[in-house]
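Step one of this worksheet: look at the structure below.
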Amino acid sequence: MSNRIVLKGLYLKNFKGIKELDIDFENTTNIYGDNGTGKTTVFDAFAWLLFDKDSQNISKFDVQPLDKSNNIIHRIDTEVTGSLEIDGVKTVLRKILKEKWVKPKGKPESELKGVTTTYYIDDVPKKQGEYKEKINSIIPEDIFKLVTNPLYFSTNMKWQDRKKILMDIIGELTDENVIDSKKDLKPLKDLLGNKSIEELKKSINASRKKLIKDRESIQPRIDELNMAVKDDINFQQLEVKKQEIVSKINNIEEQLIDKSKINDEVFKKKDKLYGFKSKLKDIERDELRKSGSGKDKIAEELYSITGEIADIKFHVKSIESEKNNNLNLIKTLETDVKNLRKEWYEENNKSFELPEDARICPLCKRPFDDEDVEKHKQELEENFKQNKSKVLKEITRKGSNKADEIEKHKKKISENESELEGLLKKLDDFNNKKDELQSKFDNFKAVVDLNSNKEYQNTLKQIEALETELSRPIEKDSQVDILKEKKQNLQMELEHINQDLKYEEINDRTNARIKELQDKEKALAQQIADLEKQDFMCDEFIKTKVKLMESSINSKFKYVKFRFFKAQVNGGIEEDCEPLIDGVPFSTNLNSGARINAGIDIINTLSNHYEIKAPIFIDNRESTTRLIDTESQIINLVVSGMDKKLRVENSSEVEETELAG
Ligand SMILES: Nc1ncnc2c1ncn2[C@@H]1O[C@H](COP(=O)(O)OP(=O)(O)OP(=O)(O)O)[C@@H](O)[C@H]1O
Ligand SMILES: [Mg+2]
């Protein structure tokens, strides 16, 4: 960046409303002209040459001349050339804007295809980038705006950006610097930690709000608890009364115990009577059982003899069937013998006869001769006799066997018969015995003799004695009922007293809770007070910081002072960064002359800070009579009614009257 830029000359051609103008500048140059003569256009041209914008920082403005109907006047070039002395070295910057006319094929007329800008540095054409780089090396755009236009800082910038620049100028003022500057702020060091003062203030206020809310919620709770406390009960008195009633109840209970002893004895006697009566029943049952045992015996015998009779009957039946069996077998055997006999006679009556085929040889089928026939006949006859005797023998053997068997069975039958005779006789005896027992059983009569049972008679006597005793009327004690009623009433009263006495404990608990809440309220109040103290300290910090800042910043300016906080209608304060002249804010009430001088004062400081001085264009310079000193080049744009054309005057000392126009 350079240190000093001086505008030596400016040449405008077809720039906005100016057809052609060539101006030479000195350290102070006055450009006079009536309204609309093109004073501001000169500043616009200088701004456009450097940054493609007009003096008001607007990039979209009509650079090319317009006709009366607001149409661009075509086919002329717009040019601005500036001769600058940068740190003593002359540099010529030029920018030419040309329209691009192209004649399309087959069309008679050329068409406008936009505009091109060519850049020159010291008559050497440059690319846009190179040109911009050069300008940036001479003066960055944001600094150019600040140091060439006295109103830019105060009217075109946001207060936050203004403040930032001022902070840059005075250098860093840390929170620690602020705290160290005032003894009262010391505690803030720990409170702040890593927080900013704004964050701390916010957190203090949030906590304070919460604590206040907490504290406010306590009183209604205390009120409620106070209402719940029963303070109309004399607990001491109640305790005394309770003791009295308890002792009264005890007294009645003792009396009642004595009375109830009579009843106890009656109960005991009744119990005893019941015992005796059940004992009597036991004896009766015992005796009855004893007398009934004879009949049981008969029943037992009867049962046993019935069984035996059934056995005998079964035995008789089985022997009878055995006998029948033997009889049937004998019959069969006798039939066999009869048949054998018949067989024997038949066999015995058989005689030999020569068979027909006995005369022919069975082998050669030729008849035997007579001798042979005789021989053969004898042989056959012998055979026949032998066979017959064999068969007869066999039949005789079989017959004698069968006869033996018949004998055996006959013997068995006689055995069966003699056994049957014995059994039937026994059965007869047993049946007689059974009949005898049955009639004994049917006619049995039990005899119970309780008169001779001593124990039974004794028990009877005891029962009689007890019953006579118990039948005697018991004297009813009317006092018992009275005592019981008294006791009941006293107990009810005691219950009421106990109920009330419970309140003593409840009251104690409630009062303890009230105390707790009151303590909490106190603690909260203390915490709130502490926070308020902290909040106050934060405010003190801010005030101190502002004061330090202000004094530090204001020391950098000759006339202007800065306001960093402004009071709001609602009583609060709002951050700000407003230039003041004699306490009057720049943006509102300040007069035009003062505004220009404030702007120059600010430019002086900024130029010192950025270490660069550039020409200051002072529009409406006629509004101030005395301009404050500045080391920068001054270009006064003065409204002058008599100058219908721009008039340029270079002088180191401009007459105040002249300026006033
Ligand atoms: N592109 C343009 N083509 C033609 N004329 C233009 C163009 N732009 C602006 N003008 C005219 O140029 C004239 C000069 O304007 P300029 O603002 O420079 O005047 P001025 O001297 O600063 O006036 P004032 O004293 O009122 O500030 C104006 O009348 C304006 O209408
Ligand atoms: Mg103007």
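By convention here, the chains of the structure tokens are called A, B, ... in the order presented, each chain's residues are numbered starting at 1, and ligands are numbered starting at 1 in the order presented.
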- Message: Counting only C-alpha atoms and all ligand atoms, what are the residues, protein, DNA or RNA alike, that approach ligand 1 to within 7 Å? I want them as a PyMOL selection string.
- Response: chain A and resi 15-18+33-42+62-67+639
Could you write out the selected residues, including N, CA and C atoms, as a PDB file, in the first residue's frame?
ATOM      1  N   PHE A  15     -18.591  10.520 -20.237  1.00  0.00           N
ATOM      2  CA  PHE A  15     -18.845   9.860 -18.959  1.00  0.00           C
ATOM      3  C   PHE A  15     -20.089  10.481 -18.328  1.00  0.00           C
ATOM      4  N   LYS A  16     -21.093   9.645 -18.210  1.00  0.00           N
ATOM      5  CA  LYS A  16     -22.384  10.126 -17.692  1.00  0.00           C
ATOM      6  C   LYS A  16     -22.804  11.384 -18.454  1.00  0.00           C
ATOM      7  N   GLY A  17     -23.067  12.455 -17.734  1.00  0.00           N
ATOM      8  CA  GLY A  17     -23.563  13.654 -18.412  1.00  0.00           C
ATOM      9  C   GLY A  17     -22.466  14.551 -18.981  1.00  0.00           C
ATOM     10  N   ILE A  18     -21.209  14.136 -18.790  1.00  0.00           N
ATOM     11  CA  ILE A  18     -20.109  15.011 -19.238  1.00  0.00           C
ATOM     12  C   ILE A  18     -19.541  14.503 -20.557  1.00  0.00           C
ATOM     13  N   GLY A  33     -19.889  24.855  -9.648  1.00  0.00           N
ATOM     14  CA  GLY A  33     -20.905  24.638 -10.668  1.00  0.00           C
ATOM     15  C   GLY A  33     -22.286  24.638 -10.053  1.00  0.00           C
ATOM     16  N   ASP A  34     -23.204  25.008 -10.888  1.00  0.00           N
ATOM     17  CA  ASP A  34     -24.607  25.001 -10.449  1.00  0.00           C
ATOM     18  C   ASP A  34     -25.047  23.559 -10.231  1.00  0.00           C
ATOM     19  N   ASN A  35     -26.219  23.403  -9.707  1.00  0.00           N
ATOM     20  CA  ASN A  35     -26.751  22.048  -9.531  1.00  0.00           C
ATOM     21  C   ASN A  35     -26.834  21.377 -10.888  1.00  0.00           C
ATOM     22  N   GLY A  36     -26.437  20.151 -10.904  1.00  0.00           N
ATOM     23  CA  GLY A  36     -26.563  19.357 -12.131  1.00  0.00           C
ATOM     24  C   GLY A  36     -25.504  19.655 -13.173  1.00  0.00           C
ATOM     25  N   THR A  37     -24.463  20.371 -12.755  1.00  0.00           N
ATOM     26  CA  THR A  37     -23.438  20.707 -13.760  1.00  0.00           C
ATOM     27  C   THR A  37     -22.393  19.595 -13.860  1.00  0.00           C
ATOM     28  N   GLY A  38     -22.346  18.711 -12.897  1.00  0.00           N
ATOM     29  CA  GLY A  38     -21.443  17.549 -13.023  1.00  0.00           C
ATOM     30  C   GLY A  38     -20.339  17.465 -11.997  1.00  0.00           C
ATOM     31  N   LYS A  39     -20.534  18.117 -10.870  1.00  0.00           N
ATOM     32  CA  LYS A  39     -19.502  18.097  -9.827  1.00  0.00           C
ATOM     33  C   LYS A  39     -19.334  16.669  -9.267  1.00  0.00           C
ATOM     34  N   THR A  40     -20.457  16.127  -8.906  1.00  0.00           N
ATOM     35  CA  THR A  40     -20.388  14.776  -8.336  1.00  0.00           C
ATOM     36  C   THR A  40     -19.898  13.786  -9.383  1.00  0.00           C
ATOM     37  N   THR A  41     -20.240  14.086 -10.643  1.00  0.00           N
ATOM     38  CA  THR A  41     -19.823  13.212 -11.740  1.00  0.00           C
ATOM     39  C   THR A  41     -18.298  13.067 -11.769  1.00  0.00           C
ATOM     40  N   VAL A  42     -17.619  14.135 -11.376  1.00  0.00           N
ATOM     41  CA  VAL A  42     -16.153  14.094 -11.367  1.00  0.00           C
ATOM     42  C   VAL A  42     -15.666  13.049 -10.340  1.00  0.00           C
ATOM     43  N   ASP A  62     -25.401   4.195 -14.645  1.00  0.00           N
ATOM     44  CA  ASP A  62     -25.212   4.431 -16.079  1.00  0.00           C
ATOM     45  C   ASP A  62     -23.943   5.217 -16.311  1.00  0.00           C
ATOM     46  N   VAL A  63     -22.928   4.504 -16.724  1.00  0.00           N
ATOM     47  CA  VAL A  63     -21.642   5.157 -17.023  1.00  0.00           C
ATOM     48  C   VAL A  63     -21.767   5.885 -18.363  1.00  0.00           C
ATOM     49  N   GLN A  64     -22.379   5.178 -19.334  1.00  0.00           N
ATOM     50  CA  GLN A  64     -22.507   5.768 -20.672  1.00  0.00           C
ATOM     51  C   GLN A  64     -23.518   6.922 -20.648  1.00  0.00           C
ATOM     52  N   PRO A  65     -23.280   7.935 -21.519  1.00  0.00           N
ATOM     53  CA  PRO A  65     -24.215   9.082 -21.566  1.00  0.00           C
ATOM     54  C   PRO A  65     -25.604   8.644 -22.050  1.00  0.00           C
ATOM     55  N   LEU A  66     -26.600   9.299 -21.480  1.00  0.00           N
ATOM     56  CA  LEU A  66     -27.986   9.017 -21.881  1.00  0.00           C
ATOM     57  C   LEU A  66     -28.512  10.236 -22.629  1.00  0.00           C
ATOM     58  N   ASP A  67     -29.424   9.987 -23.575  1.00  0.00           N
ATOM     59  CA  ASP A  67     -30.053  11.151 -24.243  1.00  0.00           C
ATOM     60  C   ASP A  67     -31.250  11.605 -23.408  1.00  0.00           C
ATOM     61  N   VAL A 639     -21.303  24.115  -4.849  1.00  0.00           N
ATOM     62  CA  VAL A 639     -22.483  24.561  -5.606  1.00  0.00           C
ATOM     63  C   VAL A 639     -22.373  26.072  -5.785  1.00  0.00           C
TER      64      VAL A 639
END
- Near Thr306 in chain A, counting only C-alpha atoms, which residues have an atom at most 9 Å away, once you skip same-chain residues fewer than 5 positions from it, shown as a list in words?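 Residues meeting the cut-off are Glu301, Asp311, Phe430, Asn431 and Lys434 of chain A.
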- Hey, what does DSSP flag as alpha helix (DSSP H) within range 191-249 of chain A? Can you give it to me as a PyMOL selection string? chain A and resi 191-192+197-228+235-249
For the residues selected in the previous step, produce a file with C-alpha atoms as a CSV table (one decimal), in the first residue's frame.
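out_12.csv written:
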chain,number,residue,atom,x,y,z
A,191,LEU,CA,-16.9,-15.0,37.8
A,192,LEU,CA,-16.0,-14.4,34.2
A,197,ILE,CA,-19.3,-10.0,30.2
A,198,GLU,CA,-22.5,-10.2,28.1
A,199,GLU,CA,-22.7,-14.0,28.6
A,200,LEU,CA,-22.1,-13.5,32.3
A,201,LYS,CA,-24.7,-10.9,32.6
A,202,LYS,CA,-27.2,-13.1,30.8
A,203,SER,CA,-26.5,-16.0,33.0
A,204,ILE,CA,-26.7,-13.8,36.2
A,205,ASN,CA,-30.1,-12.5,35.1
A,206,ALA,CA,-31.4,-15.9,34.2
A,207,SER,CA,-30.3,-17.3,37.6
A,208,ARG,CA,-31.7,-14.2,39.3
A,209,LYS,CA,-35.1,-14.6,37.6
A,210,LYS,CA,-35.3,-18.2,38.6
A,211,LEU,CA,-34.3,-17.4,42.2
A,212,ILE,CA,-36.9,-14.7,42.4
A,213,LYS,CA,-39.6,-17.0,41.0
A,214,ASP,CA,-38.5,-19.6,43.6
A,215,ARG,CA,-38.6,-17.1,46.4
A,216,GLU,CA,-42.0,-15.8,45.3
A,217,SER,CA,-43.4,-19.3,45.4
A,218,ILE,CA,-42.4,-19.8,49.1
A,219,GLN,CA,-44.7,-17.2,50.8
A,220,PRO,CA,-47.9,-18.7,49.6
A,221,ARG,CA,-46.7,-22.1,50.9
A,222,ILE,CA,-45.9,-20.6,54.3
A,223,ASP,CA,-49.3,-18.9,54.4
A,224,GLU,CA,-51.0,-22.2,53.7
A,225,LEU,CA,-49.0,-24.0,56.4
A,226,ASN,CA,-49.8,-21.3,58.9
A,227,MET,CA,-53.5,-21.8,58.2
A,228,ALA,CA,-53.0,-25.5,58.9
A,235,PHE,CA,-52.1,-29.3,74.8
A,236,GLN,CA,-50.8,-29.2,78.4
A,237,GLN,CA,-54.3,-29.0,79.7
A,238,LEU,CA,-55.4,-31.8,77.4
A,239,GLU,CA,-52.6,-34.0,78.7
A,240,VAL,CA,-53.7,-33.5,82.3
A,241,LYS,CA,-57.3,-34.3,81.4
A,242,LYS,CA,-56.2,-37.4,79.5
A,243,GLN,CA,-54.4,-38.7,82.6
A,244,GLU,CA,-57.5,-38.1,84.7
A,245,ILE,CA,-59.7,-40.0,82.3
A,246,VAL,CA,-57.3,-42.9,82.0
A,247,SER,CA,-57.2,-43.3,85.7
A,248,LYS,CA,-61.0,-43.2,85.9
A,249,ILE,CA,-61.3,-45.9,83.2
- Item | Distance query Leu146 in chain A at most 10 Å, only C-alpha atoms, self and fewer than 3 positions along chain excluded, as an NGL selection string | :A and (141-143 or 149-154 or 156-157 or 599 or 602-603 or 606-607 or 614 or 616)
N, CA and C atoms of the current selection, written as a PDB file, in the first residue's frame:
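Saved the output as selection_17.pdb:
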ATOM      1  N   GLU A 141     -10.004  -1.083  -1.785  1.00  0.00           N
ATOM      2  CA  GLU A 141     -11.264  -0.377  -2.005  1.00  0.00           C
ATOM      3  C   GLU A 141     -11.902   0.123  -0.711  1.00  0.00           C
ATOM      4  N   ASP A 142     -11.934  -0.738   0.337  1.00  0.00           N
ATOM      5  CA  ASP A 142     -12.616  -0.304   1.579  1.00  0.00           C
ATOM      6  C   ASP A 142     -11.915   0.877   2.236  1.00  0.00           C
ATOM      7  N   ILE A 143     -10.614   0.911   2.121  1.00  0.00           N
ATOM      8  CA  ILE A 143      -9.885   2.049   2.707  1.00  0.00           C
ATOM      9  C   ILE A 143     -10.099   3.306   1.849  1.00  0.00           C
ATOM     10  N   ASN A 149     -14.094   9.866   1.142  1.00  0.00           N
ATOM     11  CA  ASN A 149     -15.432  10.451   1.310  1.00  0.00           C
ATOM     12  C   ASN A 149     -15.678  10.738   2.784  1.00  0.00           C
ATOM     13  N   PRO A 150     -15.789  12.018   3.179  1.00  0.00           N
ATOM     14  CA  PRO A 150     -15.937  12.360   4.607  1.00  0.00           C
ATOM     15  C   PRO A 150     -17.230  11.794   5.224  1.00  0.00           C
ATOM     16  N   LEU A 151     -18.195  11.495   4.386  1.00  0.00           N
ATOM     17  CA  LEU A 151     -19.469  11.030   4.952  1.00  0.00           C
ATOM     18  C   LEU A 151     -19.565   9.513   5.020  1.00  0.00           C
ATOM     19  N   TYR A 152     -18.662   8.832   4.324  1.00  0.00           N
ATOM     20  CA  TYR A 152     -18.814   7.379   4.191  1.00  0.00           C
ATOM     21  C   TYR A 152     -18.829   6.668   5.549  1.00  0.00           C
ATOM     22  N   PHE A 153     -17.829   6.953   6.385  1.00  0.00           N
ATOM     23  CA  PHE A 153     -17.704   6.271   7.691  1.00  0.00           C
ATOM     24  C   PHE A 153     -18.959   6.474   8.548  1.00  0.00           C
ATOM     25  N   SER A 154     -19.450   7.706   8.554  1.00  0.00           N
ATOM     26  CA  SER A 154     -20.540   8.026   9.480  1.00  0.00           C
ATOM     27  C   SER A 154     -21.924   7.731   8.930  1.00  0.00           C
ATOM     28  N   ASN A 156     -22.570   5.744   5.670  1.00  0.00           N
ATOM     29  CA  ASN A 156     -22.761   4.531   4.874  1.00  0.00           C
ATOM     30  C   ASN A 156     -22.450   3.231   5.632  1.00  0.00           C
ATOM     31  N   MET A 157     -21.764   3.344   6.750  1.00  0.00           N
ATOM     32  CA  MET A 157     -21.368   2.115   7.468  1.00  0.00           C
ATOM     33  C   MET A 157     -22.316   1.810   8.625  1.00  0.00           C
ATOM     34  N   GLY A 599     -16.290  14.563   9.356  1.00  0.00           N
ATOM     35  CA  GLY A 599     -15.791  13.583   8.371  1.00  0.00           C
ATOM     36  C   GLY A 599     -14.315  13.751   8.132  1.00  0.00           C
ATOM     37  N   ILE A 602     -12.381  12.477  11.101  1.00  0.00           N
ATOM     38  CA  ILE A 602     -12.349  11.006  11.086  1.00  0.00           C
ATOM     39  C   ILE A 602     -11.351  10.523  10.025  1.00  0.00           C
ATOM     40  N   ILE A 603     -11.412  11.125   8.820  1.00  0.00           N
ATOM     41  CA  ILE A 603     -10.479  10.727   7.756  1.00  0.00           C
ATOM     42  C   ILE A 603      -9.034  10.933   8.206  1.00  0.00           C
ATOM     43  N   LEU A 606      -8.205   8.084  10.432  1.00  0.00           N
ATOM     44  CA  LEU A 606      -8.140   6.828   9.672  1.00  0.00           C
ATOM     45  C   LEU A 606      -6.901   6.823   8.770  1.00  0.00           C
ATOM     46  N   SER A 607      -6.653   7.944   8.137  1.00  0.00           N
ATOM     47  CA  SER A 607      -5.477   8.022   7.260  1.00  0.00           C
ATOM     48  C   SER A 607      -4.208   7.760   8.043  1.00  0.00           C
ATOM     49  N   ALA A 614      -5.279  10.011   0.762  1.00  0.00           N
ATOM     50  CA  ALA A 614      -5.804  10.046  -0.601  1.00  0.00           C
ATOM     51  C   ALA A 614      -6.626  11.311  -0.760  1.00  0.00           C
ATOM     52  N   ILE A 616      -9.479  13.887  -0.797  1.00  0.00           N
ATOM     53  CA  ILE A 616     -10.818  13.859  -0.165  1.00  0.00           C
ATOM     54  C   ILE A 616     -11.732  14.706  -1.043  1.00  0.00           C
TER      55      ILE A 616
END
- Pick from A:Ser293, A:Asp601, A:Lys259, A:Ile139: nearest to Asp481 in chain A, with only C-alpha atoms counted?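 Among the listed residues, the smallest separation from Asp481 in chain A belongs to A:Lys259.
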- Query: Contacts of Lys385 in chain A at 12 Å or less, counting only C-alpha atoms, minus same-chain residues fewer than 2 places along, as a PyMOL selection string?
  - Reply: chain A and resi 347-353+378-383+387-392
